[in-house]
Amino acid sequence: MAGYLKKYAESKGWSLYKLAKESNLSDSTLRTANLTTLYKLSVMNVKKISDAVGESPGKVLDDLFKMEDEADMVKNTKIEKDDEK
């Protein structure tokens with residue numbers, strides 16, 4: 001689900017741009033990744049993000065999957081409500 005990286009950065013008090021800079025990734029790399037599913041995020045990029053935020057790659061992935069799942073639930077709830085109209 002799109003937007004998971006932006007939400008992750010915000011949960012750390014950072015912008016997506018700051019996360020990119022601190023991770024030594026280009027802003028466009030993270031913006032593009034933010035528009036796709038977490039499954040398309042490379043292992044190397046997860047490692048760079050984890051180094052930047054000072055957490056293990058596993059912890060970062062757990063947090064990202066949780067945020068993506070929450071966003072999917074919100075989207076599905078909205079679709080269900082729209083179908084009821």
# chains A, B, ... in the order shown; residues from 1 in each chain; ligands from 1
$ residues_around --residues "segment 18-33 of chain A" --least-positions-apart "4" --cutoff "9 Å" --atoms "only C-alpha atoms" --output "list of chain:residue names"
A:Ala2, A:Gly3, A:Leu5, A:Lys6, A:Ala9, A:Trp14, A:Thr37, A:Leu38, A:Lys40, A:Leu41, A:Asn45, A:Lys47, A:Lys48, A:Ile49, A:Ser50, A:Asp51, A:Ala52, A:Val53
$ select_by_dssp --residues "chain A" --states "helix (DSSP H, G or I)" --output "PyMOL selection string"
chain A and resi 4-11+16-22+27-34+38-40+43-53+57-84
$ atom_distance --atom1 "atom CA of Pro57 of chain A" --atom2 "atom CA of Met44 of chain A"
9.7 Å
$ closest_residue --among "A:Tyr39, A:Asn34, A:Asp62, A:Met73" --to "Lys7 of chain A" --atoms "only C-alpha atoms"
A:Asn34
